[in-house]
Amino acid sequence: MPENSSQETSTESPIAFVLFGAAGDLAKRMVLPAFYELATHGLLPTRWALIGAGRRSWSDDEFRAHVRDSLNEFGSAPDDSDWEEFAGNLRFAGGGFTVDDPGAVLDVLGDYPKDTWQLVHYLAVPPTAFGPLTEAFGAHDLAAGSRVVYEKPFGTSRDSFHKLDKQVHDVFDEKQVFRIDHFLGKENTQNLHVLRFANGLFTGVWNNRHVEQVQIDVPETLNIDDRAKFYDSTGAVLDMVVTHLFQVAAEVAMEPPLSLSADDLQTARESVIAAFRPLDPSEAVFGQYEGYRDVDGVAPDSTTETFIALRMWVDTDRWHGVPFLLRTGKCLGRSAQRVNLVFRNPEDGPITHIPADGNVLSFDLSGEGAIDLRMTIKKPGPGLSLSTAHMELPLKEVADGLSPYSRLLSDVLRGDRSLFTRPDGLQHVWDVATPLIDNEGTPLPYPQGSMGPSEADTLAGPAGWVEPAPQHD
Ligand SMILES: NC(=O)C1=CN([C@@H]2O[C@H](COP(=O)(O)OP(=O)(O)OC[C@H]3O[C@@H](n4cnc5c(N)ncnc54)[C@H](OP(=O)(O)O)[C@@H]3O)[C@@H](O)[C@H]2O)C=CC1
Ligand SMILES: O=C1O[C@H](COP(=O)(O)O)[C@@H](O)[C@H](O)[C@H]1O
């Protein structure tokens, strides 16, 4: 641990962080490494406890071994002395947690009295378990004064969203609830509003007079073999579109918030979702990669989409007539997480034949993030021919950031809800997406390693999807 670890936050309340689903995939790959990252960055209070919870009956030591394995594989592997310090704060509460039977949770929490310790429940469990666990918090008096974090997706349909929303508000006040969407925790997602509102160069052009289209492009080379059963009942629309891509679209499309305070920022992002026009399946292309149905855990006649590209419209004065193009899929030819603002060519100017990608502002949301501006310039040399050039600003050159999960966990511990979703926005998400979810068409096959069905290429218009700029040497 760094020498000053924990000292900066030593005046804060001690935290008892209860991780439901602690033995699961998300906990192992994301939540446990993120929690450790907070410890190594001195972002935990002086006194804290991480209590794994689940239906199995692990001892504290078995849980500690699991955490260390997960840090070695997915986080920054601790050396022995850092590990001893960290491991001393880990406990496990097994036996499940239901209305009828709290398992070991209440016994373990007896060591962390609510009047001194801030309780945080993190639900890293399948969405079907959100409701029953929430009822159990109410039944066992673990709701008052605590904070609760729900993983995504918050609901799997309009009806299930409303049911879950009611279950949650029967037990918790909205201010206690943190619905996580880790794309909002990415450093560069936040630049979508910071770059826009802090730089006059961009503030004035963030509208339909200047922007021709917005592309939110998240192709992935990744397959779904490790979580085939989950993915086959979910598909790309629920896994990525109604969650991450909509939130990123809202970050681009929002009207200026009154301030960048948690409430104002959240309000701006959530309100613009109400202006997303319900999606039209005829403006969408569904795909499924060849070989998907042969994966263990996938139904042999599955019609689950592993690819989706769609055109969406935002019915505000600012964005009237500007298509928002969303694309994501698995087993594609390359991975990217990019937001591209494609600018209109100057009207009636003396220069014509401007290259299609000669006027693009891009945000790379992946990894540490980068901002990239492509411009049309004179090609050096005799005569006048045009070329595109790009400038890239990798954020890591500015400062080291936190991983998205660490950033969001730190916000939960500080009680800052600005990067979390709200039910008013989510209600609109389901209204907008329902026509697509209800669409029962068969997805088009596409070869693995391609960029999806060719029908998706035409959605983006004659210039197509923006390719990442070539890297400088
Ligand atoms: N995995 C990923 O990459 C991502 C996952 N998510 C979300 O995170 C959540 C967890 O996903 P993931 O970790 O992959 O899921 P897992 O299938 O690995 O389940 C997590 C844990 O939940 C517990 N669990 C399973 N079913 C129930 C149940 N009915 N009641 C109570 N506990 C149950 C199990 O622990 P035990 O047996 O010990 O009780 C299990 O280990 C989901 O909501 C998912 O959508 C979000 C982003 C990415
Ligand atoms: O939530 C999810 O996100 C990942 C992509 O996110 P990353 O930023 O961690 O790469 C996606 O692969 C997965 O299907 C989805 O569930």
# chains A, B, ... in the order shown; residues from 1 in each chain; ligands from 1

call {"tool": "residues_around", "arguments": {"residues": "Trp319 in chain A", "least_positions_apart": "3", "cutoff": "9 Å", "atoms": "only C-alpha atoms", "output": "list in words"}}
result
Trp206, Asn207, Asn208, Arg209, Val211, Ala253, Trp313, Val314, Asp315, Thr316, Val322 and Pro323 of chain A

call {"tool": "residues_near_ligand", "arguments": {"ligand": "ligand 1", "cutoff": "7 Å", "atoms": "only C-alpha atoms and all ligand atoms", "output": "mmCIF file with C-alpha atoms, in the first residue's frame"}}
result
data_model
loop_
_atom_site.group_PDB
_atom_site.id
_atom_site.type_symbol
_atom_site.label_atom_id
_atom_site.label_comp_id
_atom_site.auth_asym_id
_atom_site.auth_seq_id
_atom_site.Cartn_x
_atom_site.Cartn_y
_atom_site.Cartn_z
ATOM 1 C CA PHE A 20 -23.630 -10.321 -2.901
ATOM 2 C CA GLY A 21 -22.504 -12.697 -5.671
ATOM 3 C CA ALA A 22 -18.928 -12.441 -4.411
ATOM 4 C CA ALA A 23 -18.027 -15.782 -5.970
ATOM 5 C CA GLY A 24 -19.359 -14.842 -9.401
ATOM 6 C CA ASP A 25 -17.822 -13.771 -12.691
ATOM 7 C CA LEU A 26 -18.342 -10.015 -12.396
ATOM 8 C CA ALA A 27 -17.065 -9.913 -8.815
ATOM 9 C CA ALA A 53 -21.951 -12.929 0.577
ATOM 10 C CA GLY A 54 -23.473 -15.876 -1.262
ATOM 11 C CA ARG A 55 -25.387 -19.082 -0.971
ATOM 12 C CA ARG A 56 -22.280 -21.215 -0.541
ATOM 13 C CA GLY A 96 -27.765 -17.134 1.252
ATOM 14 C CA ALA A 124 -23.327 -8.603 -8.340
ATOM 15 C CA VAL A 125 -25.974 -11.263 -8.968
ATOM 16 C CA PRO A 126 -28.205 -12.127 -11.932
ATOM 17 C CA PRO A 127 -31.030 -9.583 -12.436
ATOM 18 C CA THR A 128 -33.613 -12.189 -11.363
ATOM 19 C CA ALA A 129 -32.078 -12.070 -7.868
ATOM 20 C CA GLU A 151 -25.766 -4.142 -11.529
ATOM 21 C CA LYS A 152 -27.159 -3.858 -15.019
ATOM 22 C CA PRO A 153 -29.559 -4.552 -16.592
#

call {"tool": "residues_around", "arguments": {"residues": "Lys186 in chain A", "least_positions_apart": "3", "cutoff": "6 Å", "atoms": "only C-alpha atoms", "output": "mmCIF file with C-alpha atoms, in the first residue's frame"}}
result
data_model
loop_
_atom_site.group_PDB
_atom_site.id
_atom_site.type_symbol
_atom_site.label_atom_id
_atom_site.label_comp_id
_atom_site.auth_asym_id
_atom_site.auth_seq_id
_atom_site.Cartn_x
_atom_site.Cartn_y
_atom_site.Cartn_z
ATOM 1 C CA PHE A 183 -19.652 3.085 -19.425
ATOM 2 C CA THR A 189 -17.274 9.375 -21.295
ATOM 3 C CA PRO A 404 -14.431 2.586 -14.485
#

call {"tool": "select_by_dssp", "arguments": {"residues": "range 78-142 of chain A", "states": "helix (DSSP H, G or I)", "output": "PyMOL selection string"}}
result
chain A and resi 80-87+105-109+127-139

call {"tool": "residues_near_ligand", "arguments": {"ligand": "ligand 2", "cutoff": "10 Å", "atoms": "only C-alpha atoms and all ligand atoms", "output": "ChimeraX atom specification"}}
result
/A:26,29-30,151-153,181-183,185-186,218-224,227,230-231,234-236,238-241,243-244,306,328-330,335-337,365-367,403-405

call {"tool": "write_last_selection", "arguments": {"atoms": "N, CA and C atoms", "output": "short mmCIF file (atom, residue, chain, number, x, y, z; two decimals), in the first residue's frame"}}
result
data_model
loop_
_atom_site.label_atom_id
_atom_site.label_comp_id
_atom_site.auth_asym_id
_atom_site.auth_seq_id
_atom_site.Cartn_x
_atom_site.Cartn_y
_atom_site.Cartn_z
N LEU A 26 -18.55 -11.47 -12.43
CA LEU A 26 -18.34 -10.01 -12.40
C LEU A 26 -17.50 -9.62 -11.18
N ARG A 29 -13.84 -10.54 -11.85
CA ARG A 29 -13.14 -9.81 -12.93
C ARG A 29 -13.11 -8.30 -12.69
N MET A 30 -14.14 -7.77 -12.05
CA MET A 30 -14.25 -6.31 -11.98
C MET A 30 -14.30 -5.77 -10.54
N GLU A 151 -26.45 -3.94 -10.25
CA GLU A 151 -25.77 -4.14 -11.53
C GLU A 151 -26.76 -3.95 -12.67
N LYS A 152 -26.26 -3.97 -13.87
CA LYS A 152 -27.16 -3.86 -15.02
C LYS A 152 -27.43 -5.27 -15.57
N PRO A 153 -28.52 -5.51 -16.28
CA PRO A 153 -29.56 -4.55 -16.59
C PRO A 153 -30.57 -4.44 -15.45
N ASP A 181 -23.77 1.67 -14.42
CA ASP A 181 -23.54 1.43 -15.84
C ASP A 181 -22.09 1.83 -16.06
N HIS A 182 -21.21 0.84 -16.21
CA HIS A 182 -19.79 1.19 -16.10
C HIS A 182 -19.30 2.06 -17.26
N PHE A 183 -20.08 2.17 -18.36
CA PHE A 183 -19.65 3.09 -19.42
C PHE A 183 -19.69 4.54 -18.93
N GLY A 185 -18.72 5.39 -16.09
CA GLY A 185 -17.54 5.57 -15.23
C GLY A 185 -16.25 5.68 -16.03
N LYS A 186 -16.34 5.51 -17.35
CA LYS A 186 -15.11 5.60 -18.15
C LYS A 186 -14.65 7.05 -18.19
N VAL A 218 -19.39 0.30 -30.95
CA VAL A 218 -18.71 -0.57 -29.98
C VAL A 218 -18.63 -2.01 -30.52
N PRO A 219 -17.88 -2.22 -31.61
CA PRO A 219 -17.67 -3.58 -32.08
C PRO A 219 -16.70 -4.31 -31.15
N GLU A 220 -16.88 -5.62 -31.00
CA GLU A 220 -15.99 -6.39 -30.12
C GLU A 220 -15.54 -7.67 -30.83
N THR A 221 -14.26 -8.01 -30.67
CA THR A 221 -13.78 -9.29 -31.21
C THR A 221 -14.18 -10.45 -30.27
N LEU A 222 -14.48 -10.09 -29.03
CA LEU A 222 -14.82 -11.06 -27.96
C LEU A 222 -15.95 -12.02 -28.37
N ASN A 223 -15.84 -13.29 -27.95
CA ASN A 223 -16.99 -14.18 -28.14
C ASN A 223 -17.78 -14.28 -26.83
N ILE A 224 -18.75 -15.17 -26.80
CA ILE A 224 -19.60 -15.22 -25.60
C ILE A 224 -19.48 -16.60 -24.93
N ARG A 227 -19.98 -17.23 -21.14
CA ARG A 227 -21.28 -16.93 -20.51
C ARG A 227 -22.41 -17.11 -21.52
N PHE A 230 -26.17 -17.11 -20.23
CA PHE A 230 -26.62 -15.74 -19.91
C PHE A 230 -26.84 -14.97 -21.21
N TYR A 231 -25.85 -15.04 -22.12
CA TYR A 231 -25.92 -14.20 -23.32
C TYR A 231 -27.09 -14.62 -24.21
N THR A 234 -30.12 -13.04 -23.35
CA THR A 234 -30.01 -11.58 -23.24
C THR A 234 -29.91 -10.93 -24.62
N GLY A 235 -28.83 -11.21 -25.34
CA GLY A 235 -28.64 -10.64 -26.68
C GLY A 235 -28.09 -9.22 -26.62
N ALA A 236 -27.66 -8.75 -27.79
CA ALA A 236 -26.93 -7.48 -27.87
C ALA A 236 -27.79 -6.27 -27.48
N LEU A 238 -30.25 -5.99 -25.19
CA LEU A 238 -30.32 -5.82 -23.73
C LEU A 238 -28.94 -5.66 -23.11
N ASP A 239 -27.98 -6.40 -23.64
CA ASP A 239 -26.65 -6.41 -23.03
C ASP A 239 -25.94 -5.07 -23.22
N MET A 240 -26.12 -4.46 -24.38
CA MET A 240 -25.32 -3.27 -24.70
C MET A 240 -26.15 -2.03 -25.04
N VAL A 241 -27.25 -2.19 -25.82
CA VAL A 241 -27.92 -0.99 -26.34
C VAL A 241 -28.71 -0.27 -25.26
N THR A 243 -28.51 -0.35 -22.29
CA THR A 243 -27.67 0.01 -21.15
C THR A 243 -26.62 1.02 -21.62
N HIS A 244 -25.45 0.51 -22.00
CA HIS A 244 -24.30 1.40 -22.23
C HIS A 244 -24.50 2.38 -23.40
N THR A 306 -26.41 -11.35 -31.94
CA THR A 306 -25.08 -11.08 -31.38
C THR A 306 -24.54 -9.78 -31.98
N THR A 328 -23.03 -2.41 -32.30
CA THR A 328 -22.23 -3.25 -31.40
C THR A 328 -22.42 -4.71 -31.78
N GLY A 329 -21.48 -5.54 -31.43
CA GLY A 329 -21.63 -6.96 -31.74
C GLY A 329 -20.41 -7.74 -31.27
N LYS A 330 -20.57 -9.05 -31.27
CA LYS A 330 -19.50 -9.95 -30.81
C LYS A 330 -18.86 -10.63 -32.02
N SER A 335 -12.06 -4.51 -32.32
CA SER A 335 -12.74 -3.96 -31.15
C SER A 335 -12.54 -2.46 -31.10
N ALA A 336 -13.55 -1.75 -30.66
CA ALA A 336 -13.43 -0.31 -30.47
C ALA A 336 -14.56 0.13 -29.54
N GLN A 337 -14.40 1.29 -28.93
CA GLN A 337 -15.48 1.91 -28.15
C GLN A 337 -15.39 3.39 -28.48
N LEU A 365 -13.42 5.56 -25.94
CA LEU A 365 -13.80 5.32 -24.54
C LEU A 365 -13.04 4.14 -23.94
N SER A 366 -12.32 3.41 -24.78
CA SER A 366 -11.69 2.18 -24.27
C SER A 366 -10.43 2.51 -23.47
N GLY A 367 -10.02 1.57 -22.66
CA GLY A 367 -8.78 1.70 -21.90
C GLY A 367 -8.70 3.02 -21.17
N SER A 403 -9.83 2.88 -13.07
CA SER A 403 -10.67 2.03 -13.94
C SER A 403 -12.13 2.40 -13.68
N PRO A 404 -13.03 2.15 -14.67
CA PRO A 404 -14.43 2.59 -14.48
C PRO A 404 -15.07 2.05 -13.21
N TYR A 405 -14.83 0.78 -12.90
CA TYR A 405 -15.47 0.23 -11.70
C TYR A 405 -14.90 0.89 -10.44
#

call {"tool": "select_by_dssp", "arguments": {"residues": "range 261-330 of chain A", "states": "strand (DSSP E or B)", "output": "PyMOL selection string"}}
result
chain A and resi 276+284-289+307-314+323-329

call {"tool": "write_last_selection", "arguments": {"atoms": "N, CA and C atoms", "output": "short mmCIF file (atom, residue, chain, number, x, y, z; two decimals), in the first residue's frame"}}
result
data_model
loop_
_atom_site.label_atom_id
_atom_site.label_comp_id
_atom_site.auth_asym_id
_atom_site.auth_seq_id
_atom_site.Cartn_x
_atom_site.Cartn_y
_atom_site.Cartn_z
N PHE A 276 -35.65 10.59 -26.99
CA PHE A 276 -35.25 9.56 -27.96
C PHE A 276 -36.53 9.02 -28.60
N ALA A 284 -33.13 -0.90 -38.27
CA ALA A 284 -32.15 -1.67 -37.49
C ALA A 284 -31.75 -2.91 -38.26
N VAL A 285 -30.52 -3.36 -38.06
CA VAL A 285 -30.05 -4.61 -38.67
C VAL A 285 -29.60 -5.52 -37.53
N PHE A 286 -30.25 -6.68 -37.44
CA PHE A 286 -29.90 -7.68 -36.43
C PHE A 286 -28.99 -8.72 -37.07
N GLY A 287 -27.94 -9.14 -36.38
CA GLY A 287 -27.07 -10.18 -36.94
C GLY A 287 -26.76 -11.25 -35.90
N GLN A 288 -26.34 -12.39 -36.39
CA GLN A 288 -25.88 -13.47 -35.49
C GLN A 288 -24.65 -14.10 -36.14
N TYR A 289 -23.56 -14.22 -35.39
CA TYR A 289 -22.35 -14.72 -36.04
C TYR A 289 -22.46 -16.21 -36.37
N PHE A 307 -25.35 -9.16 -32.85
CA PHE A 307 -24.95 -7.91 -33.51
C PHE A 307 -26.20 -7.07 -33.69
N ILE A 308 -26.04 -5.77 -33.49
CA ILE A 308 -27.15 -4.86 -33.79
C ILE A 308 -26.56 -3.53 -34.27
N ALA A 309 -27.13 -3.03 -35.33
CA ALA A 309 -26.78 -1.68 -35.78
C ALA A 309 -28.11 -0.98 -35.99
N LEU A 310 -28.21 0.27 -35.57
CA LEU A 310 -29.50 0.94 -35.70
C LEU A 310 -29.33 2.44 -35.85
N ARG A 311 -30.40 3.03 -36.39
CA ARG A 311 -30.45 4.47 -36.53
C ARG A 311 -31.48 4.99 -35.53
N MET A 312 -31.06 5.95 -34.72
CA MET A 312 -31.98 6.49 -33.71
C MET A 312 -32.09 8.01 -33.92
N TRP A 313 -33.23 8.58 -33.54
CA TRP A 313 -33.45 10.02 -33.70
C TRP A 313 -33.73 10.63 -32.34
N VAL A 314 -33.20 11.81 -32.14
CA VAL A 314 -33.40 12.51 -30.87
C VAL A 314 -34.26 13.73 -31.16
N PRO A 323 -29.04 11.78 -37.50
CA PRO A 323 -29.13 10.39 -37.06
C PRO A 323 -28.06 10.06 -36.02
N PHE A 324 -28.47 9.34 -35.00
CA PHE A 324 -27.53 8.75 -34.04
C PHE A 324 -27.41 7.28 -34.45
N LEU A 325 -26.22 6.88 -34.87
CA LEU A 325 -26.02 5.51 -35.35
C LEU A 325 -25.34 4.70 -34.27
N LEU A 326 -25.98 3.61 -33.87
CA LEU A 326 -25.44 2.78 -32.79
C LEU A 326 -25.08 1.42 -33.37
N ARG A 327 -23.90 0.92 -33.04
CA ARG A 327 -23.52 -0.41 -33.55
C ARG A 327 -22.72 -1.14 -32.48
N THR A 328 -23.03 -2.41 -32.30
CA THR A 328 -22.23 -3.25 -31.40
C THR A 328 -22.42 -4.71 -31.78
N GLY A 329 -21.48 -5.54 -31.43
CA GLY A 329 -21.63 -6.96 -31.74
C GLY A 329 -20.41 -7.74 -31.27
#

call {"tool": "closest_residue", "arguments": {"among": "A:His390, A:Arg417, A:Arg293, A:Arg158", "to": "Met375 in chain A", "atoms": "only C-alpha atoms"}}
result
A:His390

call {"tool": "closest_residue", "arguments": {"among": "A:Phe35, A:Phe178, A:Trp465, A:Phe363", "to": "Pro394 in chain A", "atoms": "only C-alpha atoms"}}
result
A:Phe363

call {"tool": "atom_distance", "arguments": {"atom1": "CA of Ala49 in chain A", "atom2": "CA of Leu142 in chain A"}}
result
16.2 Å

call {"tool": "residues_around", "arguments": {"residues": "Phe420 in chain A", "least_positions_apart": "2", "cutoff": "12 Å", "atoms": "only C-alpha atoms", "output": "PyMOL selection string"}}
result
chain A and resi 148-152+154+174-185+243-244+247+262-263+265-267+269-270+405+407-409+411-412+415-418+422-423+425-426

call {"tool": "closest_residue", "arguments": {"among": "A:Gly464, A:Pro257, A:His169, A:Leu386", "to": "His353 in chain A", "atoms": "only C-alpha atoms"}}
result
A:Leu386
